[in-house]
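The file model-v7.cif contains mmCIF, C-alpha atoms:
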```cif
data_final
#
loop_
_atom_site.label_atom_id
_atom_site.label_comp_id
_atom_site.auth_asym_id
_atom_site.auth_seq_id
_atom_site.Cartn_x
_atom_site.Cartn_y
_atom_site.Cartn_z
CA MET T 1 164.68 248.40 234.21
CA LYS T 2 162.06 245.67 234.66
CA ILE T 3 161.23 245.80 230.94
CA ILE T 4 164.91 245.48 230.02
CA ILE T 5 165.37 242.47 232.32
CA THR T 6 162.24 240.81 230.89
CA LEU T 7 163.40 241.39 227.31
CA SER T 8 166.85 240.02 228.15
CA PHE T 9 165.30 236.88 229.60
CA LEU T 10 163.13 236.39 226.52
CA ILE T 11 166.12 236.81 224.21
CA LEU T 12 168.13 234.27 226.22
CA ALA T 13 165.20 231.84 226.20
CA ILE T 14 164.81 232.14 222.42
CA ILE T 15 168.53 231.55 221.92
CA SER T 16 168.41 228.59 224.30
CA PHE T 17 165.47 227.00 222.47
CA SER T 18 167.11 227.51 219.07
CA GLN T 19 170.25 225.75 220.28
CA THR T 20 168.39 222.74 221.65
CA LYS T 21 168.96 219.58 219.65
CA PHE T 22 166.53 216.68 219.53
CA ILE T 23 167.39 213.00 219.54
CA ALA T 24 164.69 210.67 218.19
CA HIS T 25 164.28 207.90 220.77
CA ARG T 26 164.56 204.54 219.01
CA GLY T 27 163.85 206.56 215.89
CA ALA T 28 160.49 208.26 215.48
CA SER T 29 159.02 205.62 217.78
CA PHE T 30 155.74 207.45 218.43
CA LEU T 31 154.81 206.96 214.78
CA ALA T 32 156.87 203.99 213.57
CA PRO T 33 158.07 200.68 215.05
CA GLU T 34 161.03 201.36 217.33
CA ASN T 35 164.56 200.39 216.33
CA THR T 36 163.72 199.70 212.70
CA ILE T 37 164.96 201.20 209.46
CA ALA T 38 161.52 202.81 209.01
CA SER T 39 161.70 204.46 212.41
CA ALA T 40 165.27 205.68 211.95
CA LYS T 41 164.55 207.16 208.52
CA LEU T 42 161.41 208.88 209.77
CA GLY T 43 163.25 210.34 212.75
CA TRP T 44 165.72 212.12 210.50
CA GLU T 45 162.99 213.08 208.01
CA LEU T 46 161.10 214.77 210.85
CA GLY T 47 164.10 216.94 211.57
CA ALA T 48 165.76 215.13 214.45
CA ASP T 49 169.41 216.07 214.86
CA ALA T 50 170.16 212.48 215.85
CA VAL T 51 168.47 209.11 216.05
CA GLU T 52 169.04 206.85 219.07
CA ILE T 53 169.04 203.07 218.74
CA ASP T 54 169.74 200.11 221.03
CA ILE T 55 172.02 197.18 220.27
CA HIS T 56 172.47 193.58 221.41
CA LEU T 57 174.77 190.82 220.19
CA SER T 58 173.31 187.75 218.50
CA MET T 59 174.58 184.20 218.97
CA ASP T 60 176.69 184.48 215.81
CA ASN T 61 178.21 187.81 216.92
CA ARG T 62 176.13 190.12 214.71
CA VAL T 63 175.24 193.51 216.17
CA MET T 64 171.44 193.66 216.18
CA VAL T 65 169.32 196.78 216.65
CA ILE T 66 166.75 195.96 219.31
CA HIS T 67 165.97 197.27 222.78
CA ASP T 68 164.93 194.15 224.71
CA LYS T 69 166.95 191.02 225.42
CA ASN T 70 164.28 189.04 223.62
CA THR T 71 161.90 189.58 220.70
CA LYS T 72 158.58 188.94 222.45
CA ARG T 73 157.36 192.55 222.76
CA THR T 74 158.27 193.82 219.30
CA CYS T 75 157.96 190.73 217.12
CA LYS T 76 154.32 189.66 217.52
CA GLY T 77 154.95 187.36 220.47
CA LYS T 78 157.78 185.43 218.83
CA ASN T 79 159.95 185.01 221.90
CA MET T 80 163.59 184.51 221.00
CA GLU T 81 166.54 185.46 223.18
CA VAL T 82 168.81 187.64 221.07
CA LYS T 83 172.11 186.40 222.52
CA SER T 84 171.18 182.75 222.03
CA SER T 85 169.66 183.11 218.54
CA PRO T 86 171.44 183.26 215.17
CA SER T 87 170.96 186.48 213.25
CA THR T 88 169.39 184.67 210.29
CA LEU T 89 166.46 183.54 212.44
CA LEU T 90 166.15 186.92 214.15
CA ARG T 91 165.99 188.55 210.73
CA ASP T 92 163.10 186.31 209.70
CA LEU T 93 160.87 187.89 212.35
CA ASP T 94 158.38 190.67 211.70
CA ALA T 95 159.53 193.66 213.79
CA GLY T 96 157.03 196.15 212.38
CA SER T 97 153.41 195.06 212.57
CA PHE T 98 153.29 195.23 216.39
CA LYS T 99 153.09 199.01 215.81
CA ASP T 100 150.87 199.00 212.73
CA GLU T 101 150.10 196.52 209.96
CA LYS T 102 151.47 198.98 207.39
CA PHE T 103 154.93 198.26 208.83
CA LYS T 104 154.59 194.50 208.43
CA GLY T 105 157.82 192.96 207.21
CA GLU T 106 160.20 195.40 208.90
CA LYS T 107 163.21 193.44 210.06
CA ILE T 108 165.40 193.71 213.12
CA PRO T 109 168.22 195.71 211.51
CA PHE T 110 171.92 195.12 211.66
CA LEU T 111 173.80 198.07 213.13
CA SER T 112 175.66 198.40 209.83
CA GLU T 113 172.38 198.99 207.97
CA VAL T 114 171.36 201.90 210.19
CA ILE T 115 174.81 203.48 210.04
CA GLU T 116 174.73 203.50 206.26
CA ILE T 117 171.52 205.57 206.10
CA ILE T 118 172.67 208.36 208.42
CA PRO T 119 172.10 211.61 206.52
CA GLU T 120 174.85 214.16 206.13
CA ASN T 121 175.34 216.40 209.19
CA ARG T 122 173.21 214.15 211.42
CA LYS T 123 174.18 211.76 214.20
CA LEU T 124 173.40 208.21 215.28
CA VAL T 125 173.37 207.62 219.03
CA ILE T 126 174.13 203.97 219.82
CA GLU T 127 173.12 202.59 223.21
CA LEU T 128 174.99 199.48 224.29
CA LYS T 129 172.32 197.44 226.08
CA SER T 130 174.58 194.53 226.99
CA GLY T 131 178.03 194.60 228.54
CA SER T 132 181.42 195.40 227.07
CA ASP T 133 181.49 192.05 225.23
CA ILE T 134 179.76 193.72 222.31
CA ILE T 135 182.45 196.36 221.79
CA PRO T 136 184.84 194.31 219.58
CA GLN T 137 181.97 193.53 217.21
CA VAL T 138 180.86 197.17 217.15
CA LYS T 139 184.43 198.16 216.32
CA ARG T 140 184.48 195.75 213.37
CA VAL T 141 181.27 197.34 212.05
CA VAL T 142 182.55 200.88 212.52
CA GLU T 143 185.88 200.14 210.81
CA LYS T 144 183.97 199.28 207.63
CA THR T 145 182.03 202.54 207.39
CA SER T 146 182.96 206.04 206.27
CA LYS T 147 180.47 207.52 208.75
CA SER T 148 182.30 206.78 211.99
CA GLU T 149 182.50 210.50 212.84
CA GLN T 150 178.70 210.63 212.97
CA LEU T 151 178.44 208.08 215.78
CA VAL T 152 177.83 208.74 219.48
CA PHE T 153 177.83 206.07 222.20
CA ILE T 154 175.81 205.79 225.42
CA SER T 155 175.38 203.11 228.07
CA PHE T 156 174.03 202.56 231.58
CA ASN T 157 176.86 200.07 232.06
CA TRP T 158 179.81 202.02 233.46
CA ASP T 159 182.43 199.46 232.44
CA ALA T 160 180.99 199.32 228.93
CA ILE T 161 181.03 203.09 228.36
CA VAL T 162 184.56 203.40 229.78
CA LYS T 163 185.82 200.69 227.43
CA THR T 164 183.89 202.20 224.54
CA LYS T 165 185.64 205.53 225.09
CA SER T 166 188.96 203.72 225.12
CA GLU T 167 188.19 202.01 221.80
CA PHE T 168 186.58 205.08 220.21
CA PRO T 169 188.53 208.06 221.64
CA ASP T 170 187.38 210.41 218.88
CA ASN T 171 183.67 209.69 219.39
CA ALA T 172 181.46 211.33 222.01
CA CYS T 173 180.54 208.94 224.83
CA TYR T 174 177.99 209.51 227.60
CA TRP T 175 177.13 207.51 230.70
CA LEU T 176 173.39 206.99 231.21
CA SER T 177 171.75 207.20 234.61
CA ALA T 178 168.32 207.38 236.24
CA LEU T 179 169.61 207.44 239.83
CA LYS T 180 170.52 210.38 242.07
CA PRO T 181 172.66 208.50 244.66
CA GLY T 182 176.32 208.51 243.67
CA LEU T 183 175.73 210.76 240.66
CA LYS T 184 178.19 213.44 241.76
CA LYS T 185 181.05 210.95 242.11
CA ARG T 186 180.24 209.37 238.75
CA MET T 187 180.20 212.76 237.08
CA GLU T 188 183.57 213.59 238.58
CA LYS T 189 184.92 210.25 237.35
CA ALA T 190 183.37 210.80 233.90
CA ALA T 191 185.23 214.09 233.61
CA GLU T 192 188.45 212.48 234.82
CA ILE T 193 188.44 209.73 232.19
CA GLY T 194 187.38 212.00 229.34
CA LEU T 195 183.72 211.22 228.74
CA GLU T 196 181.91 214.07 227.00
CA GLY T 197 179.12 214.05 229.55
CA VAL T 198 176.24 212.19 231.14
CA ASN T 199 172.80 211.39 229.78
CA LEU T 200 170.27 211.70 232.60
CA ARG T 201 166.63 210.99 233.23
CA PHE T 202 164.99 214.41 232.96
CA SER T 203 163.72 214.39 236.56
CA LEU T 204 167.31 214.32 237.90
CA ILE T 205 168.33 217.53 236.19
CA ASP T 206 168.26 220.74 238.20
CA GLU T 207 170.38 223.85 238.71
CA LYS T 208 172.81 222.02 241.01
CA ILE T 209 173.44 219.26 238.48
CA MET T 210 173.94 221.81 235.71
CA ALA T 211 176.34 223.84 237.87
CA LEU T 212 178.37 220.72 238.64
CA ALA T 213 178.44 219.77 234.97
CA ASN T 214 179.66 223.23 233.99
CA GLU T 215 182.32 223.07 236.69
CA LEU T 216 183.53 219.70 235.41
CA GLY T 217 183.29 220.61 231.74
CA LEU T 218 180.63 217.97 231.06
CA GLU T 219 177.63 218.14 228.78
CA ILE T 220 174.23 217.10 230.11
CA LEU T 221 171.84 215.19 227.84
CA SER T 222 168.31 214.24 228.87
CA TRP T 223 165.90 211.37 228.22
CA THR T 224 163.03 210.75 227.43
CA VAL T 225 160.91 213.91 227.16
CA ASP T 226 157.58 214.27 225.35
CA ASP T 227 156.25 217.15 227.46
CA PRO T 228 156.88 220.63 225.96
CA LYS T 229 156.88 222.31 229.40
CA GLU T 230 159.54 219.90 230.63
CA ALA T 231 161.55 220.43 227.46
CA LYS T 232 161.32 224.20 228.07
CA ARG T 233 162.55 223.78 231.65
CA LEU T 234 165.51 221.69 230.55
CA SER T 235 166.40 224.02 227.71
CA GLU T 236 166.35 227.03 230.02
CA LEU T 237 168.67 225.18 232.42
CA GLY T 238 171.14 224.71 229.58
CA VAL T 239 170.46 221.14 228.43
CA LYS T 240 171.49 221.16 224.78
CA GLN T 241 170.26 217.72 223.68
CA ILE T 242 166.89 216.18 224.55
CA THR T 243 165.81 212.65 223.65
CA THR T 244 162.16 212.33 222.64
CA ASN T 245 159.76 209.95 220.95
CA ARG T 246 158.25 212.89 219.03
CA PRO T 247 161.05 215.11 217.67
CA LYS T 248 159.12 217.25 215.17
CA TRP T 249 156.07 217.73 217.39
CA LEU T 250 158.09 218.54 220.50
CA LYS T 251 160.20 221.12 218.65
CA GLU T 252 157.07 222.79 217.25
CA GLU T 253 155.38 222.83 220.67
CA LEU T 254 158.49 224.19 222.34
CA ASP T 255 158.64 227.03 219.82
CA LYS T 256 155.09 228.03 220.83
CA LEU T 257 155.97 228.45 224.50
#
```
Encoding of this model in structure tokens:
Amino acid sequence: MKIIITLSFLILAIISFSQTKFIAHRGASFLAPENTIASAKLGWELGADAVEIDIHLSMDNRVMVIHDKNTKRTCKGKNMEVKSSPSTLLRDLDAGSFKDEKFKGEKIPFLSEVIEIIPENRKLVIELKSGSDIIPQVKRVVEKTSKSEQLVFISFNWDAIVKTKSEFPDNACYWLSALKPGLKKRMEKAAEIGLEGVNLRFSLIDEKIMALANELGLEILSWTVDDPKEAKRLSELGVKQITTNRPKWLKEELDKL
């Protein structure tokens, strides 16, 4: 009986691991400059099921792919506020050599540029870093592409993700959180308004959270995991999508466990 139970557990674990999908955090950001075309391409080339990027709105209402509110960290100390800078000047900056000189000349991409390189059967996860003011501009971008079905939206801003779901009812939308207090109520509200799920910091996820999610019909995503043992724990709990800086490496390490 013990042998049968052990074998059953191993079979379930293997199935669980094989079903786990990996989202490349800001692209393959361990190897390439985050939130660039190079990083996004590499993420998909390394087998990621999806690439995650961050967006802000420029002064002239262009949707720019960048994590921070300013360019200081990723553009060699050139400190420009994204929302108060025209896209032409932002595009003149070098967004690659902060990672490695071989990436010198990488630009801050437009959202439209990243959307157009999404491979077939892969996803692009778009994190709205600002408020809901960016949504009309995102909608204009999405209306011009044939790849709208490959887009997923996430945001820490509750109002922004609710309005995003309203504007993009056919796209999966997830609320991001790193906080335990109030999480249950937010999850209940997320289910009520039709969000697909919540995207949680890995340390928040346990059996109780997974049970609540299953009860509410919500999917749990996790960020940002580069530890194979943690990825194994999450996968065994039933987390189907894990965000990581190292998609290929993490998958290979998880398969060894």
Quick one: contact table of stretch 65-145 of chain T to stretch 158-174 of chain T, 7 Å max, nearest atom pair and distance in Å to one decimal per residue, counting all atoms listed in the file, chain and number order, as a Markdown table?
```
| residue | atom | partner | partner_atom | distance |
| --- | --- | --- | --- | --- |
| T:Gly131 | CA | T:Ala160 | CA | 5.6 |
| T:Ser132 | CA | T:Ala160 | CA | 4.4 |
| T:Ile135 | CA | T:Thr164 | CA | 6.6 |
```
Next on the checklist: I'd like to see the residues matched by the PyMOL selection byres ((chain T and resi 33-36) around 9) on this file, and ideally I'd get them as a PyMOL selection string.
Outcome noted: chain T and resi 25-32+37-41+52-54+65-67+74+95-100+103+106-109+114
Next on the checklist: Quick one: residues within 8 Å of T:Ile55, all atoms listed in the file, excluding same-chain residues fewer than 5 positions away - as a list in words?
Outcome noted: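 So the residues in contact are Val63, Met64, Val65, Ile66, His67, Leu111, Ile126, Glu127, Leu128, Lys129 and Ser130 of chain T.
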Checklist entry - Hey, can you check how far atom CA of T:Leu93 sits from atom CA of T:Pro119? => result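 Distance between the two atoms: 26.9 Å.
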Checklist entry - Near T:Asp226, counting all atoms listed in the file, which residues have an atom at most 9 Å away, once you skip same-chain residues fewer than 3 positions from it, shown as JSON, numbers by chain? => result {"T": [230, 231, 243, 244, 245, 246, 247, 249, 250]}
Next on the checklist: Taking 3 positions as the minimum chain separation for residues in the same chain, which residues sit within 8 Å of T:Gln241 when counting all atoms listed in the file? Answer as a PyMOL selection string.
Outcome noted: chain T and resi 20-23+220-222
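Picture a line from atom CA of T:Val198 to atom CA of T:Glu81; it runs 29.5 Å.
Between atom CA of T:Lys189 and atom CA of T:Lys139 lies a distance of 24.3 Å.
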Item to check | Residue IDs satisfying the PyMOL selection byres ((chain T and resi 116) around 12), as a ChimeraX atom specification | outcome: /T:37,40-41,109-115,117-120,122-124,141-142,144-148,150-151
Checklist outcome for this item: One residue among T:Asp49, T:Lys102, T:Ile193, T:Asp92 is nearest to T:Val125 when using only C-alpha atoms, and that residue is T:Asp49
Item to check | Selection result for the PyMOL selection byres ((chain T and resi 206-212) around 9) on this file, as a VMD selection string | outcome: chain T and resid 184 187 to 188 202 to 205 213 to 220 234 237 to 239
Item to check | 12 Å contact set for T:Asn61, all atoms listed in the file, chain neighbours under 6 positions out, as a PyMOL selection string | outcome: chain T and resi 55+82-88+110-111+133-138+140-141
Take stretch 28-49 of chain T, model N, CA and C atoms, and hand the result over as a PDB file, in the coordinates of the input.
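In the end it all went to rebuild-v4.pdb:
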```
ATOM      1  N   ALA T  28     161.766 207.573 215.240  1.00  0.00           N
ATOM      2  CA  ALA T  28     160.490 208.260 215.480  1.00  0.00           C
ATOM      3  C   ALA T  28     159.493 207.243 216.025  1.00  0.00           C
ATOM      4  N   SER T  29     159.734 206.789 217.244  1.00  0.00           N
ATOM      5  CA  SER T  29     159.020 205.620 217.780  1.00  0.00           C
ATOM      6  C   SER T  29     157.571 205.887 218.158  1.00  0.00           C
ATOM      7  N   PHE T  30     157.160 207.152 218.199  1.00  0.00           N
ATOM      8  CA  PHE T  30     155.740 207.450 218.430  1.00  0.00           C
ATOM      9  C   PHE T  30     154.912 207.091 217.202  1.00  0.00           C
ATOM     10  N   LEU T  31     155.536 207.164 216.037  1.00  0.00           N
ATOM     11  CA  LEU T  31     154.810 206.960 214.780  1.00  0.00           C
ATOM     12  C   LEU T  31     155.190 205.671 214.060  1.00  0.00           C
ATOM     13  N   ALA T  32     156.373 205.160 214.300  1.00  0.00           N
ATOM     14  CA  ALA T  32     156.870 203.990 213.570  1.00  0.00           C
ATOM     15  C   ALA T  32     157.433 202.972 214.551  1.00  0.00           C
ATOM     16  N   PRO T  33     157.561 201.711 214.133  1.00  0.00           N
ATOM     17  CA  PRO T  33     158.070 200.680 215.050  1.00  0.00           C
ATOM     18  C   PRO T  33     159.507 200.954 215.471  1.00  0.00           C
ATOM     19  N   GLU T  34     159.725 201.010 216.758  1.00  0.00           N
ATOM     20  CA  GLU T  34     161.030 201.360 217.330  1.00  0.00           C
ATOM     21  C   GLU T  34     162.164 200.497 216.800  1.00  0.00           C
ATOM     22  N   ASN T  35     163.331 201.113 216.691  1.00  0.00           N
ATOM     23  CA  ASN T  35     164.560 200.390 216.330  1.00  0.00           C
ATOM     24  C   ASN T  35     164.455 199.641 215.007  1.00  0.00           C
ATOM     25  N   THR T  36     163.774 200.260 214.053  1.00  0.00           N
ATOM     26  CA  THR T  36     163.720 199.700 212.700  1.00  0.00           C
ATOM     27  C   THR T  36     164.261 200.725 211.716  1.00  0.00           C
ATOM     28  N   ILE T  37     164.511 200.280 210.500  1.00  0.00           N
ATOM     29  CA  ILE T  37     164.960 201.200 209.460  1.00  0.00           C
ATOM     30  C   ILE T  37     163.888 202.263 209.222  1.00  0.00           C
ATOM     31  N   ALA T  38     162.619 201.855 209.224  1.00  0.00           N
ATOM     32  CA  ALA T  38     161.520 202.810 209.010  1.00  0.00           C
ATOM     33  C   ALA T  38     161.519 203.894 210.068  1.00  0.00           C
ATOM     34  N   SER T  39     161.718 203.514 211.308  1.00  0.00           N
ATOM     35  CA  SER T  39     161.700 204.460 212.410  1.00  0.00           C
ATOM     36  C   SER T  39     162.906 205.403 212.364  1.00  0.00           C
ATOM     37  N   ALA T  40     164.060 204.859 212.041  1.00  0.00           N
ATOM     38  CA  ALA T  40     165.270 205.680 211.950  1.00  0.00           C
ATOM     39  C   ALA T  40     165.138 206.706 210.826  1.00  0.00           C
ATOM     40  N   LYS T  41     164.717 206.262 209.659  1.00  0.00           N
ATOM     41  CA  LYS T  41     164.550 207.160 208.520  1.00  0.00           C
ATOM     42  C   LYS T  41     163.565 208.276 208.847  1.00  0.00           C
ATOM     43  N   LEU T  42     162.438 207.900 209.447  1.00  0.00           N
ATOM     44  CA  LEU T  42     161.410 208.880 209.770  1.00  0.00           C
ATOM     45  C   LEU T  42     161.912 209.892 210.787  1.00  0.00           C
ATOM     46  N   GLY T  43     162.700 209.432 211.753  1.00  0.00           N
ATOM     47  CA  GLY T  43     163.250 210.340 212.750  1.00  0.00           C
ATOM     48  C   GLY T  43     164.040 211.456 212.108  1.00  0.00           C
ATOM     49  N   TRP T  44     164.924 211.100 211.189  1.00  0.00           N
ATOM     50  CA  TRP T  44     165.720 212.120 210.500  1.00  0.00           C
ATOM     51  C   TRP T  44     164.847 212.962 209.577  1.00  0.00           C
ATOM     52  N   GLU T  45     163.878 212.330 208.902  1.00  0.00           N
ATOM     53  CA  GLU T  45     162.990 213.080 208.010  1.00  0.00           C
ATOM     54  C   GLU T  45     162.176 214.125 208.773  1.00  0.00           C
ATOM     55  N   LEU T  46     161.877 213.831 210.032  1.00  0.00           N
ATOM     56  CA  LEU T  46     161.100 214.770 210.850  1.00  0.00           C
ATOM     57  C   LEU T  46     161.978 215.843 211.494  1.00  0.00           C
ATOM     58  N   GLY T  47     163.229 215.865 211.133  1.00  0.00           N
ATOM     59  CA  GLY T  47     164.100 216.940 211.570  1.00  0.00           C
ATOM     60  C   GLY T  47     164.938 216.672 212.793  1.00  0.00           C
ATOM     61  N   ALA T  48     164.941 215.441 213.284  1.00  0.00           N
ATOM     62  CA  ALA T  48     165.760 215.130 214.450  1.00  0.00           C
ATOM     63  C   ALA T  48     167.243 215.331 214.109  1.00  0.00           C
ATOM     64  N   ASP T  49     167.977 215.881 215.056  1.00  0.00           N
ATOM     65  CA  ASP T  49     169.410 216.070 214.860  1.00  0.00           C
ATOM     66  C   ASP T  49     170.159 214.749 214.956  1.00  0.00           C
TER      67      ASP T  49
END
```
